[in-house]
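Since the structure comes first, as structure tokens, the remarks are kept for the end.
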Amino acid sequence: MPQKTEAYYRKQIDEAINSFERAWTAMDLNTFGNTANWFSYDPLIANSWTRRMLKMIADLKRTKLNDRQIASLFPNMSELRVKMGFDLWTAKYADVTRAERMEIAKFYVDLLNAYCLEDPYALKKNVVHSPTEVSAMAKKTVGAAPEIAKKLGRLVSACYHFGHAAYSDMYPSIVYENYGPYPLAQKYGPNAILAVKDFNNLRCPELWPETKNFPWMHVSIIYVYNNVRMRVDSASHAIFSGNLITNLKRYSLEVDGKRFPVSKTDQISAALEKMASKLFRKNQSFNLEQKKKKYYYQKAYVYKKIFDYLGQDWRPSPEILNEAKGRPLYEAPWPASNAAQIKLFRQIFDPRISVPKI
Amino acid sequence: MNWSKAILKGIPASVGVATGIARIVSPAGKARSFQEGNILITSITDPTMVALMAKAGAIVCDMGSITSHPSIVSRELGIPCVVGTKKATTILKDGMKIKVDGRKGEVYAAEN
């Protein structure tokens with residue numbers, strides 16, 4: 001266990017910023033033009049949201065929970081990383097001190113290091129399972145075929161889009177998480193890796209009453225690939241190289257904790273596809289004030305289990321909703337060049353510096 | 001079938017080669033005529049297109065990067081995908097016969 005000195009946190013924050021830079025500047029920001037996005041919506045609630053986070057951190061410190069237990073109250077580690085990025089970003093628009101920004105950064109640093117086994121900021125991977133757990137997961141898998149890989153692909157696509165529709169393009173990891181890559185023994189084939197694609201919170205009546213009676217809540221798929229490279233970034237994206245259909249050698253599918261036949265996945269896929277389309281259309285039909293309110297509820301939902309544990313209301317407070325009410329979306333003045341944009345991103349994420357006020 | 005030189009280039013997002021009929025789909029729009037194997041052409045995919053993506057032979061988008069939705073999903077579906085072409089929805093016409101090379105990030109038109 002490393003000593004948590006100021007030098008330790010400096011190094012950790014540098015690593016986090018390096019990972020955020022790689023993931024966030026790889027995105028095409030133009031794709032967020034038609035959806036809620038952090039850089040337009042979050043600055044509107046910067047003061048009330050950042051104060052809420054600081055109070056939550058202080059309240060958690062008064063509990064008996066350790067860092068790993070607190071981390072497990074988040075939907076998953078990808079969502080935790082994304083929230084670290086968003087909260088550091090938002091704090092740059094808030095009237096808070098450097099010490100308060102550092103308090104937020106240290107909170108996330110401690111949680112990620114307590115839960116992740118390596119690469120806490122997902123520069124390359126998202127690893128939380130021990131070798132023993134990986135071995136046990138590999139033993140659960142059975143032989144695959146391209147037809148099976150395609151059916152699983154449709155199911156993954158449906159879950160993924162449900163996450164986007166129900167929780168916005170900013171918090172789809174409330175649903176999906178990609179674990180891995182975990183290297184496997186040669187007996188599983190050439191360059192074998194194990195990956196887990198996990199989908200949670202497929203019902204969220206607190207945000208969408210339409211999902212109240214949705215029959216399924218959790219889909220978990222274990223994959224054994226040969227000759228596929230996998231990378232997971234700090235914004236929860238999985239980037240695979242290689243054909244995921246022909247290179248899938250083994251798999252395991254569980255729905256709500258029970259083995260589920262691939263032959264019956266079309267009914268889940270079709271239901272999720274229909275629900276994803278319905279929720280997205282509904283959200284797109286909202287006016288700006290309704291969109292803002294829904295987005296802040298989605299943002300707050302990430303912390304639901306924490307606030308439930310603390311015995312507090314998880315929903316965005318009246319102060320948060322009022323801070324944004326009636327205000328136009330924030331227009332971020334992005335520099336034209338890629339190099340200047342990377343520099344600006346690094347500055348905004350860095351809690352140690354007070355500039356730029358953008 | 002003969003193919004033109006590449007009429008469109010973008011970011012290669014999912015490997016494979018597919019040929020099919022181009023179908024232009026507008027954001028949050030409906031494409032009733034979308035058939036199995038058609039090539040989905042759009043500015044950027046959204047959740048209203050998820051059922052079309054499951055039927056598509058390939059996906060081509062104006063916007064996007066290798067971590068955008070169409071890129072991630074097409075890799076899972078095992079279909080070619082090219083993103084960030086900037087002008088797919090203006091250069092390609094609905095009903096065109098096209099070939100998509102997801103490794104090169106190129107799109108070709110059928111020549112008579």
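Just so we're on the same page: first chain in the structure tokens is A, next is B, and so on; residues restart at 1 for each chain, and ligands are numbered from 1 in the order they show up.
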
In region 4-242 of chain A, what's alpha helix (DSSP H) per DSSP? Answer as a compact mmCIF listing (two decimals) with N, CA and C atoms, in the first residue's frame?
# COMPACT_ATOMS: atom_id res chain seq x y z
N GLU A 6 1.48 13.95 -0.88
CA GLU A 6 1.12 14.88 -1.95
C GLU A 6 1.77 14.44 -3.27
N ALA A 7 3.01 13.92 -3.17
CA ALA A 7 3.70 13.44 -4.37
C ALA A 7 2.94 12.27 -5.00
N TYR A 8 2.40 11.40 -4.16
CA TYR A 8 1.61 10.27 -4.65
C TYR A 8 0.40 10.78 -5.44
N TYR A 9 -0.32 11.74 -4.87
CA TYR A 9 -1.51 12.24 -5.56
C TYR A 9 -1.15 12.99 -6.84
N ARG A 10 0.00 13.71 -6.81
CA ARG A 10 0.44 14.41 -8.03
C ARG A 10 0.62 13.39 -9.16
N LYS A 11 1.28 12.28 -8.85
CA LYS A 11 1.55 11.25 -9.85
C LYS A 11 0.23 10.63 -10.34
N GLN A 12 -0.65 10.36 -9.39
CA GLN A 12 -1.94 9.76 -9.76
C GLN A 12 -2.75 10.70 -10.66
N ILE A 13 -2.75 11.98 -10.32
CA ILE A 13 -3.52 12.94 -11.12
C ILE A 13 -2.91 13.08 -12.51
N ASP A 14 -1.59 13.06 -12.57
CA ASP A 14 -0.94 13.10 -13.90
C ASP A 14 -1.36 11.89 -14.75
N GLU A 15 -1.39 10.72 -14.12
CA GLU A 15 -1.79 9.51 -14.86
C GLU A 15 -3.24 9.60 -15.32
N ALA A 16 -4.08 10.11 -14.45
CA ALA A 16 -5.51 10.24 -14.80
C ALA A 16 -5.67 11.20 -15.97
N ILE A 17 -4.97 12.34 -15.92
CA ILE A 17 -5.11 13.32 -17.01
C ILE A 17 -4.59 12.74 -18.32
N ASN A 18 -3.50 11.99 -18.27
CA ASN A 18 -2.98 11.35 -19.49
C ASN A 18 -4.03 10.43 -20.11
N SER A 19 -4.70 9.67 -19.25
CA SER A 19 -5.71 8.74 -19.75
C SER A 19 -6.94 9.48 -20.27
N PHE A 20 -7.36 10.51 -19.53
CA PHE A 20 -8.52 11.30 -19.98
C PHE A 20 -8.22 11.95 -21.33
N GLU A 21 -7.01 12.48 -21.45
CA GLU A 21 -6.65 13.15 -22.72
C GLU A 21 -6.78 12.17 -23.88
N ARG A 22 -6.24 10.97 -23.68
CA ARG A 22 -6.26 9.98 -24.76
C ARG A 22 -7.68 9.63 -25.16
N ALA A 23 -8.53 9.42 -24.17
CA ALA A 23 -9.89 8.96 -24.48
C ALA A 23 -10.79 10.09 -24.96
N TRP A 24 -10.72 11.22 -24.30
CA TRP A 24 -11.69 12.27 -24.58
C TRP A 24 -11.37 13.02 -25.87
N TRP A 38 -21.84 16.89 -21.67
CA TRP A 38 -21.30 17.47 -20.44
C TRP A 38 -20.84 18.91 -20.62
N PHE A 39 -20.25 19.23 -21.78
CA PHE A 39 -19.66 20.56 -21.90
C PHE A 39 -20.69 21.67 -22.10
N SER A 40 -21.93 21.30 -22.45
CA SER A 40 -22.99 22.31 -22.57
C SER A 40 -23.88 22.36 -21.34
N TYR A 41 -24.10 21.21 -20.70
CA TYR A 41 -25.07 21.12 -19.60
C TYR A 41 -24.42 21.27 -18.21
N ALA A 46 -22.63 24.21 -12.12
CA ALA A 46 -21.29 24.00 -11.56
C ALA A 46 -21.23 24.22 -10.05
N ASN A 47 -21.82 25.33 -9.57
CA ASN A 47 -21.70 25.63 -8.13
C ASN A 47 -22.47 24.63 -7.27
N SER A 48 -23.75 24.44 -7.59
CA SER A 48 -24.57 23.57 -6.73
C SER A 48 -24.12 22.12 -6.84
N TRP A 49 -23.72 21.68 -8.04
CA TRP A 49 -23.29 20.29 -8.20
C TRP A 49 -21.97 20.03 -7.44
N THR A 50 -21.03 20.94 -7.57
CA THR A 50 -19.74 20.74 -6.94
C THR A 50 -19.88 20.78 -5.41
N ARG A 51 -20.74 21.67 -4.92
CA ARG A 51 -21.00 21.71 -3.47
C ARG A 51 -21.63 20.39 -3.01
N ARG A 52 -22.52 19.86 -3.83
CA ARG A 52 -23.17 18.58 -3.49
C ARG A 52 -22.14 17.46 -3.41
N MET A 53 -21.20 17.44 -4.37
CA MET A 53 -20.18 16.40 -4.37
C MET A 53 -19.28 16.53 -3.13
N LEU A 54 -18.92 17.76 -2.78
CA LEU A 54 -18.05 17.96 -1.62
C LEU A 54 -18.75 17.51 -0.33
N LYS A 55 -20.04 17.80 -0.25
CA LYS A 55 -20.80 17.36 0.94
C LYS A 55 -20.91 15.84 0.97
N MET A 56 -21.14 15.24 -0.20
CA MET A 56 -21.23 13.77 -0.26
C MET A 56 -19.92 13.12 0.19
N ILE A 57 -18.82 13.68 -0.26
CA ILE A 57 -17.51 13.13 0.12
C ILE A 57 -17.32 13.26 1.63
N ALA A 58 -17.69 14.41 2.17
CA ALA A 58 -17.55 14.61 3.63
C ALA A 58 -18.46 13.66 4.40
N ASP A 59 -19.68 13.48 3.91
CA ASP A 59 -20.62 12.56 4.58
C ASP A 59 -20.10 11.12 4.52
N LEU A 60 -19.52 10.72 3.39
CA LEU A 60 -18.99 9.35 3.27
C LEU A 60 -17.83 9.12 4.23
N LYS A 61 -17.06 10.16 4.45
CA LYS A 61 -15.91 10.01 5.37
C LYS A 61 -16.37 9.74 6.79
N ASP A 67 -12.76 2.53 1.13
CA ASP A 67 -12.77 3.03 -0.25
C ASP A 67 -13.34 1.99 -1.24
N ARG A 68 -12.97 0.74 -1.05
CA ARG A 68 -13.47 -0.29 -1.96
C ARG A 68 -14.99 -0.44 -1.86
N GLN A 69 -15.48 -0.36 -0.65
CA GLN A 69 -16.94 -0.46 -0.46
C GLN A 69 -17.67 0.73 -1.09
N ILE A 70 -17.07 1.91 -0.97
CA ILE A 70 -17.69 3.09 -1.61
C ILE A 70 -17.65 2.93 -3.13
N ALA A 71 -16.51 2.48 -3.65
CA ALA A 71 -16.40 2.30 -5.11
C ALA A 71 -17.46 1.34 -5.63
N MET A 77 -16.67 0.59 -12.62
CA MET A 77 -15.46 1.43 -12.60
C MET A 77 -15.41 2.40 -13.79
N SER A 78 -15.98 1.99 -14.93
CA SER A 78 -16.00 2.93 -16.06
C SER A 78 -16.81 4.16 -15.71
N GLU A 79 -17.95 3.94 -15.08
CA GLU A 79 -18.80 5.08 -14.70
C GLU A 79 -18.08 5.93 -13.65
N LEU A 80 -17.35 5.28 -12.77
CA LEU A 80 -16.60 6.02 -11.74
C LEU A 80 -15.54 6.92 -12.40
N ARG A 81 -14.85 6.37 -13.40
CA ARG A 81 -13.83 7.18 -14.11
C ARG A 81 -14.47 8.35 -14.84
N VAL A 82 -15.58 8.06 -15.50
CA VAL A 82 -16.27 9.13 -16.24
C VAL A 82 -16.70 10.23 -15.28
N LYS A 83 -17.21 9.82 -14.11
CA LYS A 83 -17.63 10.83 -13.14
C LYS A 83 -16.45 11.63 -12.60
N MET A 84 -15.32 10.97 -12.47
CA MET A 84 -14.13 11.72 -12.05
C MET A 84 -13.84 12.83 -13.06
N GLY A 85 -13.86 12.45 -14.33
CA GLY A 85 -13.61 13.44 -15.38
C GLY A 85 -14.63 14.56 -15.37
N PHE A 86 -15.90 14.18 -15.30
CA PHE A 86 -16.97 15.20 -15.33
C PHE A 86 -16.89 16.11 -14.11
N ASP A 87 -16.65 15.53 -12.95
CA ASP A 87 -16.65 16.36 -11.73
C ASP A 87 -15.45 17.30 -11.68
N LEU A 88 -14.31 16.83 -12.17
CA LEU A 88 -13.14 17.74 -12.24
C LEU A 88 -13.40 18.85 -13.24
N TRP A 89 -14.02 18.48 -14.35
CA TRP A 89 -14.37 19.46 -15.39
C TRP A 89 -15.33 20.51 -14.83
N THR A 90 -16.41 20.02 -14.20
CA THR A 90 -17.45 20.92 -13.69
C THR A 90 -16.89 21.86 -12.61
N ALA A 91 -15.99 21.32 -11.80
CA ALA A 91 -15.42 22.14 -10.72
C ALA A 91 -14.68 23.35 -11.26
N ARG A 98 -8.84 25.66 -4.78
CA ARG A 98 -7.97 24.59 -5.26
C ARG A 98 -8.05 23.40 -4.31
N ALA A 99 -8.06 23.67 -3.02
CA ALA A 99 -8.10 22.59 -2.03
C ALA A 99 -9.38 21.77 -2.19
N GLU A 100 -10.47 22.44 -2.51
CA GLU A 100 -11.73 21.70 -2.70
C GLU A 100 -11.69 20.86 -3.98
N ARG A 101 -11.08 21.40 -5.01
CA ARG A 101 -10.95 20.59 -6.24
C ARG A 101 -10.07 19.37 -5.98
N MET A 102 -9.02 19.58 -5.20
CA MET A 102 -8.14 18.45 -4.87
C MET A 102 -8.87 17.40 -4.02
N GLU A 103 -9.76 17.85 -3.19
CA GLU A 103 -10.57 16.93 -2.37
C GLU A 103 -11.37 15.98 -3.28
N ILE A 104 -11.93 16.55 -4.32
CA ILE A 104 -12.71 15.74 -5.28
C ILE A 104 -11.77 14.77 -6.01
N ALA A 105 -10.65 15.27 -6.47
CA ALA A 105 -9.70 14.42 -7.20
C ALA A 105 -9.22 13.26 -6.34
N LYS A 106 -8.85 13.56 -5.10
CA LYS A 106 -8.33 12.52 -4.20
C LYS A 106 -9.39 11.46 -3.91
N PHE A 107 -10.63 11.90 -3.79
CA PHE A 107 -11.74 10.96 -3.56
C PHE A 107 -11.77 9.90 -4.66
N TYR A 108 -11.75 10.36 -5.90
CA TYR A 108 -11.82 9.40 -7.03
C TYR A 108 -10.53 8.59 -7.16
N VAL A 109 -9.40 9.22 -6.93
CA VAL A 109 -8.12 8.49 -6.98
C VAL A 109 -8.15 7.32 -5.99
N ASP A 110 -8.60 7.60 -4.78
CA ASP A 110 -8.62 6.56 -3.74
C ASP A 110 -9.58 5.42 -4.10
N LEU A 111 -10.74 5.77 -4.62
CA LEU A 111 -11.72 4.72 -4.96
C LEU A 111 -11.20 3.83 -6.09
N LEU A 112 -10.68 4.45 -7.13
CA LEU A 112 -10.21 3.66 -8.29
C LEU A 112 -9.04 2.77 -7.91
N ASN A 113 -8.15 3.28 -7.07
CA ASN A 113 -7.01 2.46 -6.66
C ASN A 113 -7.41 1.35 -5.70
N ALA A 114 -8.50 1.57 -4.98
CA ALA A 114 -8.96 0.53 -4.05
C ALA A 114 -9.64 -0.62 -4.80
N TYR A 115 -10.21 -0.34 -5.96
CA TYR A 115 -11.03 -1.36 -6.64
C TYR A 115 -10.32 -2.01 -7.83
N PRO A 131 -6.82 -13.38 -11.05
CA PRO A 131 -6.59 -14.56 -11.91
C PRO A 131 -7.49 -15.74 -11.55
N THR A 132 -7.77 -15.92 -10.29
CA THR A 132 -8.67 -17.01 -9.88
C THR A 132 -10.07 -16.78 -10.43
N GLU A 133 -10.53 -15.55 -10.34
CA GLU A 133 -11.88 -15.24 -10.86
C GLU A 133 -11.92 -15.40 -12.38
N VAL A 134 -10.85 -14.99 -13.05
CA VAL A 134 -10.80 -15.13 -14.51
C VAL A 134 -10.83 -16.60 -14.90
N SER A 135 -10.07 -17.40 -14.18
CA SER A 135 -10.04 -18.83 -14.46
C SER A 135 -11.43 -19.45 -14.28
N ALA A 136 -12.12 -19.04 -13.22
CA ALA A 136 -13.47 -19.56 -12.97
C ALA A 136 -14.43 -19.13 -14.08
N MET A 137 -14.28 -17.90 -14.54
CA MET A 137 -15.15 -17.42 -15.63
C MET A 137 -14.88 -18.20 -16.91
N ALA A 138 -13.60 -18.44 -17.20
CA ALA A 138 -13.26 -19.17 -18.43
C ALA A 138 -13.86 -20.58 -18.41
N LYS A 139 -13.90 -21.18 -17.22
CA LYS A 139 -14.45 -22.54 -17.11
C LYS A 139 -15.96 -22.56 -17.37
N LYS A 140 -16.61 -21.44 -17.20
CA LYS A 140 -18.06 -21.40 -17.45
C LYS A 140 -18.41 -21.36 -18.93
N PRO A 146 -19.93 -18.61 -35.42
CA PRO A 146 -20.26 -17.28 -35.92
C PRO A 146 -21.74 -16.89 -35.74
N GLU A 147 -22.65 -17.85 -35.88
CA GLU A 147 -24.07 -17.53 -35.72
C GLU A 147 -24.36 -17.08 -34.29
N ILE A 148 -23.67 -17.71 -33.35
CA ILE A 148 -23.84 -17.33 -31.94
C ILE A 148 -23.25 -15.94 -31.71
N ALA A 149 -22.07 -15.70 -32.28
CA ALA A 149 -21.42 -14.39 -32.11
C ALA A 149 -22.31 -13.28 -32.67
N LYS A 150 -23.00 -13.54 -33.77
CA LYS A 150 -23.87 -12.52 -34.36
C LYS A 150 -25.08 -12.25 -33.47
N LYS A 151 -25.64 -13.28 -32.92
CA LYS A 151 -26.80 -13.07 -32.02
C LYS A 151 -26.36 -12.30 -30.77
N LEU A 152 -25.20 -12.65 -30.25
CA LEU A 152 -24.69 -11.90 -29.09
C LEU A 152 -24.39 -10.45 -29.48
N GLY A 153 -23.90 -10.25 -30.71
CA GLY A 153 -23.62 -8.90 -31.20
C GLY A 153 -24.87 -8.05 -31.24
N ARG A 154 -25.97 -8.65 -31.69
CA ARG A 154 -27.23 -7.90 -31.72
C ARG A 154 -27.68 -7.56 -30.30
N LEU A 155 -27.51 -8.52 -29.38
CA LEU A 155 -27.91 -8.28 -27.99
C LEU A 155 -27.07 -7.15 -27.37
N VAL A 156 -25.77 -7.19 -27.62
CA VAL A 156 -24.88 -6.14 -27.11
C VAL A 156 -25.29 -4.78 -27.67
N SER A 157 -25.55 -4.74 -28.96
CA SER A 157 -25.97 -3.49 -29.60
C SER A 157 -27.26 -2.95 -28.97
N ALA A 158 -28.20 -3.86 -28.72
CA ALA A 158 -29.48 -3.44 -28.12
C ALA A 158 -29.27 -2.90 -26.71
N CYS A 159 -28.47 -3.60 -25.91
CA CYS A 159 -28.18 -3.14 -24.53
C CYS A 159 -27.47 -1.78 -24.57
N TYR A 160 -26.51 -1.67 -25.45
CA TYR A 160 -25.70 -0.47 -25.57
C TYR A 160 -26.60 0.75 -25.91
N HIS A 161 -27.48 0.55 -26.89
CA HIS A 161 -28.35 1.67 -27.28
C HIS A 161 -29.40 1.97 -26.22
N PHE A 162 -29.82 0.94 -25.48
CA PHE A 162 -30.73 1.20 -24.36
C PHE A 162 -30.03 2.12 -23.35
N GLY A 163 -28.77 1.83 -23.08
CA GLY A 163 -28.01 2.67 -22.14
C GLY A 163 -27.95 4.11 -22.60
N HIS A 164 -27.72 4.29 -23.88
CA HIS A 164 -27.65 5.63 -24.46
C HIS A 164 -29.00 6.34 -24.32
N ALA A 165 -30.07 5.62 -24.61
CA ALA A 165 -31.39 6.25 -24.60
C ALA A 165 -31.88 6.53 -23.18
N ALA A 166 -31.67 5.58 -22.28
CA ALA A 166 -32.23 5.72 -20.93
C ALA A 166 -31.42 6.67 -20.05
N TYR A 167 -30.11 6.68 -20.24
CA TYR A 167 -29.24 7.43 -19.32
C TYR A 167 -28.44 8.51 -20.03

Selection: 12 Å around Ser14 (chain B), only C-alpha atoms, excl. self and same-chain fewer than 4 positions, as a ChimeraX atom specification: /A:239-245 /B:10,18,57-60,65-83,100-106

Which of these, A:Ala94, A:Leu44, A:Ile193, A:Ala271, has the shortest distance to chain B once you count only C-alpha atoms?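 For chain B, the nearest of the candidates is A:Ala271.
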
For the atom pair CA of Asn37 (chain A) and CA of Lys293 (chain A), what is the interatomic distance in Å to one decimal place? 13.1 Å

Contacts of Ile39 (chain B) at 7 Å (only C-alpha atoms; same-chain gap of 2+ positions) as number ranges by chain: B: 20-23, 37, 41, 56-59

Export of the given selection (N, CA and C atoms) as a PDB file, in the first residue's frame:
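To be explicit, this is the file written out as result.pdb:
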ATOM      1  N   GLY B  20     -23.880  -3.472 -51.208  1.00  0.00           N
ATOM      2  CA  GLY B  20     -25.329  -3.411 -51.005  1.00  0.00           C
ATOM      3  C   GLY B  20     -25.892  -2.092 -51.475  1.00  0.00           C
ATOM      4  N   ILE B  21     -27.186  -1.932 -51.236  1.00  0.00           N
ATOM      5  CA  ILE B  21     -27.897  -0.716 -51.637  1.00  0.00           C
ATOM      6  C   ILE B  21     -27.812   0.312 -50.514  1.00  0.00           C
ATOM      7  N   ALA B  22     -27.394   1.532 -50.861  1.00  0.00           N
ATOM      8  CA  ALA B  22     -27.287   2.602 -49.860  1.00  0.00           C
ATOM      9  C   ALA B  22     -28.684   3.084 -49.460  1.00  0.00           C
ATOM     10  N   ARG B  23     -28.888   3.231 -48.167  1.00  0.00           N
ATOM     11  CA  ARG B  23     -30.141   3.800 -47.653  1.00  0.00           C
ATOM     12  C   ARG B  23     -29.790   4.963 -46.730  1.00  0.00           C
ATOM     13  N   GLY B  37     -29.259  -6.315 -45.222  1.00  0.00           N
ATOM     14  CA  GLY B  37     -28.090  -6.171 -46.089  1.00  0.00           C
ATOM     15  C   GLY B  37     -27.912  -4.794 -46.698  1.00  0.00           C
ATOM     16  N   ILE B  41     -26.608   4.668 -44.262  1.00  0.00           N
ATOM     17  CA  ILE B  41     -25.861   5.921 -44.439  1.00  0.00           C
ATOM     18  C   ILE B  41     -26.547   6.991 -43.597  1.00  0.00           C
ATOM     19  N   ALA B  56     -28.293  -4.135 -41.078  1.00  0.00           N
ATOM     20  CA  ALA B  56     -27.420  -3.493 -42.068  1.00  0.00           C
ATOM     21  C   ALA B  56     -26.253  -4.384 -42.495  1.00  0.00           C
ATOM     22  N   GLY B  57     -25.853  -4.222 -43.756  1.00  0.00           N
ATOM     23  CA  GLY B  57     -24.664  -4.922 -44.249  1.00  0.00           C
ATOM     24  C   GLY B  57     -23.398  -4.157 -43.915  1.00  0.00           C
ATOM     25  N   ALA B  58     -23.546  -2.845 -43.730  1.00  0.00           N
ATOM     26  CA  ALA B  58     -22.423  -1.974 -43.363  1.00  0.00           C
ATOM     27  C   ALA B  58     -23.006  -0.634 -42.914  1.00  0.00           C
ATOM     28  N   ILE B  59     -22.150   0.187 -42.296  1.00  0.00           N
ATOM     29  CA  ILE B  59     -22.585   1.510 -41.828  1.00  0.00           C
ATOM     30  C   ILE B  59     -21.558   2.544 -42.290  1.00  0.00           C
TER      31      ILE B  59
END

Hey, which of A:Leu253, A:Ser269, A:Tyr179, A:Val302 ends up closest to Cys204 (chain A)? Count only C-alpha atoms.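 Smallest distance to Cys204 (chain A) is found for A:Val302.
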
Taking only C-alpha atoms into account, which of B:Thr19, B:Asn2, B:Asp62, B:Phe34 comes nearest chain A?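 Distance minimum relative to chain A lands on B:Asp62.
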
Among chain B, which ones does DSSP assign to strand (DSSP E) (computed from the backbone)? Answer as JSON, numbers by chain. {"B": [2, 3, 8, 9, 11, 12, 13, 14, 17, 18, 19, 20, 21, 22, 23, 24, 39, 40, 41, 42, 58, 59, 60, 61, 81, 82, 83, 97, 98, 99, 100, 101, 106, 107, 108, 109, 110, 111]}

Take the residues just selected and output them with C-alpha atoms as a CSV table (one decimal), in the first residue's frame.
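Listing of selection.csv after writing:
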chain,number,residue,atom,x,y,z
B,2,ASN,CA,-16.9,-3.2,-61.5
B,3,TRP,CA,-16.3,-0.6,-58.9
B,8,LEU,CA,-15.6,8.6,-50.2
B,9,LYS,CA,-12.9,8.2,-47.6
B,11,ILE,CA,-11.9,6.6,-40.7
B,12,PRO,CA,-11.8,2.7,-40.8
B,13,ALA,CA,-13.9,1.7,-37.8
B,14,SER,CA,-14.8,-2.0,-38.3
B,17,VAL,CA,-16.1,-5.6,-47.1
B,18,ALA,CA,-19.8,-5.4,-47.9
B,19,THR,CA,-21.7,-4.5,-51.0
B,20,GLY,CA,-25.3,-3.4,-51.0
B,21,ILE,CA,-27.9,-0.7,-51.6
B,22,ALA,CA,-27.3,2.6,-49.9
B,23,ARG,CA,-30.1,3.8,-47.7
B,24,ILE,CA,-29.9,7.3,-46.3
B,39,ILE,CA,-25.9,-0.1,-46.2
B,40,LEU,CA,-27.0,2.4,-43.5
B,41,ILE,CA,-25.9,5.9,-44.4
B,42,THR,CA,-26.4,8.6,-41.9
B,58,ALA,CA,-22.4,-2.0,-43.4
B,59,ILE,CA,-22.6,1.5,-41.8
B,60,VAL,CA,-21.2,4.8,-43.2
B,61,CYS,CA,-21.4,8.1,-41.3
B,81,CYS,CA,-18.0,0.6,-40.8
B,82,VAL,CA,-16.5,3.8,-42.0
B,83,VAL,CA,-17.0,7.0,-40.0
B,97,LYS,CA,-25.2,0.2,-55.3
B,98,ILE,CA,-22.0,0.7,-53.2
B,99,LYS,CA,-19.1,-1.3,-51.7
B,100,VAL,CA,-17.8,-0.5,-48.3
B,101,ASP,CA,-14.2,-1.5,-47.3
B,106,GLU,CA,-13.3,3.6,-48.3
B,107,VAL,CA,-16.6,3.6,-50.2
B,108,TYR,CA,-16.9,2.7,-53.9
B,109,ALA,CA,-19.8,3.1,-56.4
B,110,ALA,CA,-20.9,0.4,-58.9
B,111,GLU,CA,-20.0,1.1,-62.5

I want to know what sits within 10 Å of Gly257 (chain A), based on only C-alpha atoms, with residues of the same chain fewer than 4 positions away left out; could you give that as a PDB file with N, CA and C atoms, in the first residue's frame?
ATOM      1  N   MET A 217     -33.204  -7.359 -16.079  1.00  0.00           N
ATOM      2  CA  MET A 217     -32.468  -6.282 -15.414  1.00  0.00           C
ATOM      3  C   MET A 217     -30.976  -6.333 -15.722  1.00  0.00           C
ATOM      4  N   HIS A 218     -30.435  -7.555 -15.947  1.00  0.00           N
ATOM      5  CA  HIS A 218     -28.980  -7.709 -16.017  1.00  0.00           C
ATOM      6  C   HIS A 218     -28.606  -8.776 -17.042  1.00  0.00           C
ATOM      7  N   VAL A 219     -27.734  -8.404 -17.966  1.00  0.00           N
ATOM      8  CA  VAL A 219     -27.201  -9.351 -18.961  1.00  0.00           C
ATOM      9  C   VAL A 219     -25.690  -9.378 -18.802  1.00  0.00           C
ATOM     10  N   SER A 220     -25.118 -10.569 -18.721  1.00  0.00           N
ATOM     11  CA  SER A 220     -23.667 -10.670 -18.581  1.00  0.00           C
ATOM     12  C   SER A 220     -23.129 -11.695 -19.575  1.00  0.00           C
ATOM     13  N   LEU A 253     -23.414 -16.916 -21.498  1.00  0.00           N
ATOM     14  CA  LEU A 253     -24.437 -15.867 -21.413  1.00  0.00           C
ATOM     15  C   LEU A 253     -25.314 -16.109 -20.194  1.00  0.00           C
TER      16      LEU A 253
END

Rank nothing, just name the residue among B:Ala88, B:Glu36, B:Val25, B:Pro47 nearest to chain A, using only C-alpha atoms. B:Pro47

List the neighbours of Leu184 (chain A) out to 8 Å using only C-alpha atoms; skip same-chain residues closer than 5 positions along the sequence, and give me the result as a VMD selection string. chain A and resid 191 to 194

If you count only C-alpha atoms, which residues fall within 9 Å of Leu248 (chain A), apart from same-chain ones fewer than 6 positions away, as a ChimeraX atom specification? /A:143-146,148-149,223-226,228

May I ask for the distance between CA of Ile7 (chain B) and CA of Thr85 (chain B), given in Å to one decimal place?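 These atoms are spaced 10.4 Å apart.
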
Taking only C-alpha atoms into account, name the residue in B:Gly16, B:Lys5, B:Ala54, B:Ser26 that is nearest to Asp94 (chain B).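 Between B:Gly16, B:Lys5, B:Ala54, B:Ser26, the residue approaching Asp94 (chain B) most closely is B:Ser26.
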
Kindly indicate which residue among A:Val142, A:Ala270, A:Ala195, A:Ile348 lies nearest to Val128 (chain A), using only C-alpha atoms for the distances.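 Using only C-alpha atoms, the shortest distance to Val128 (chain A) belongs to A:Ala195.
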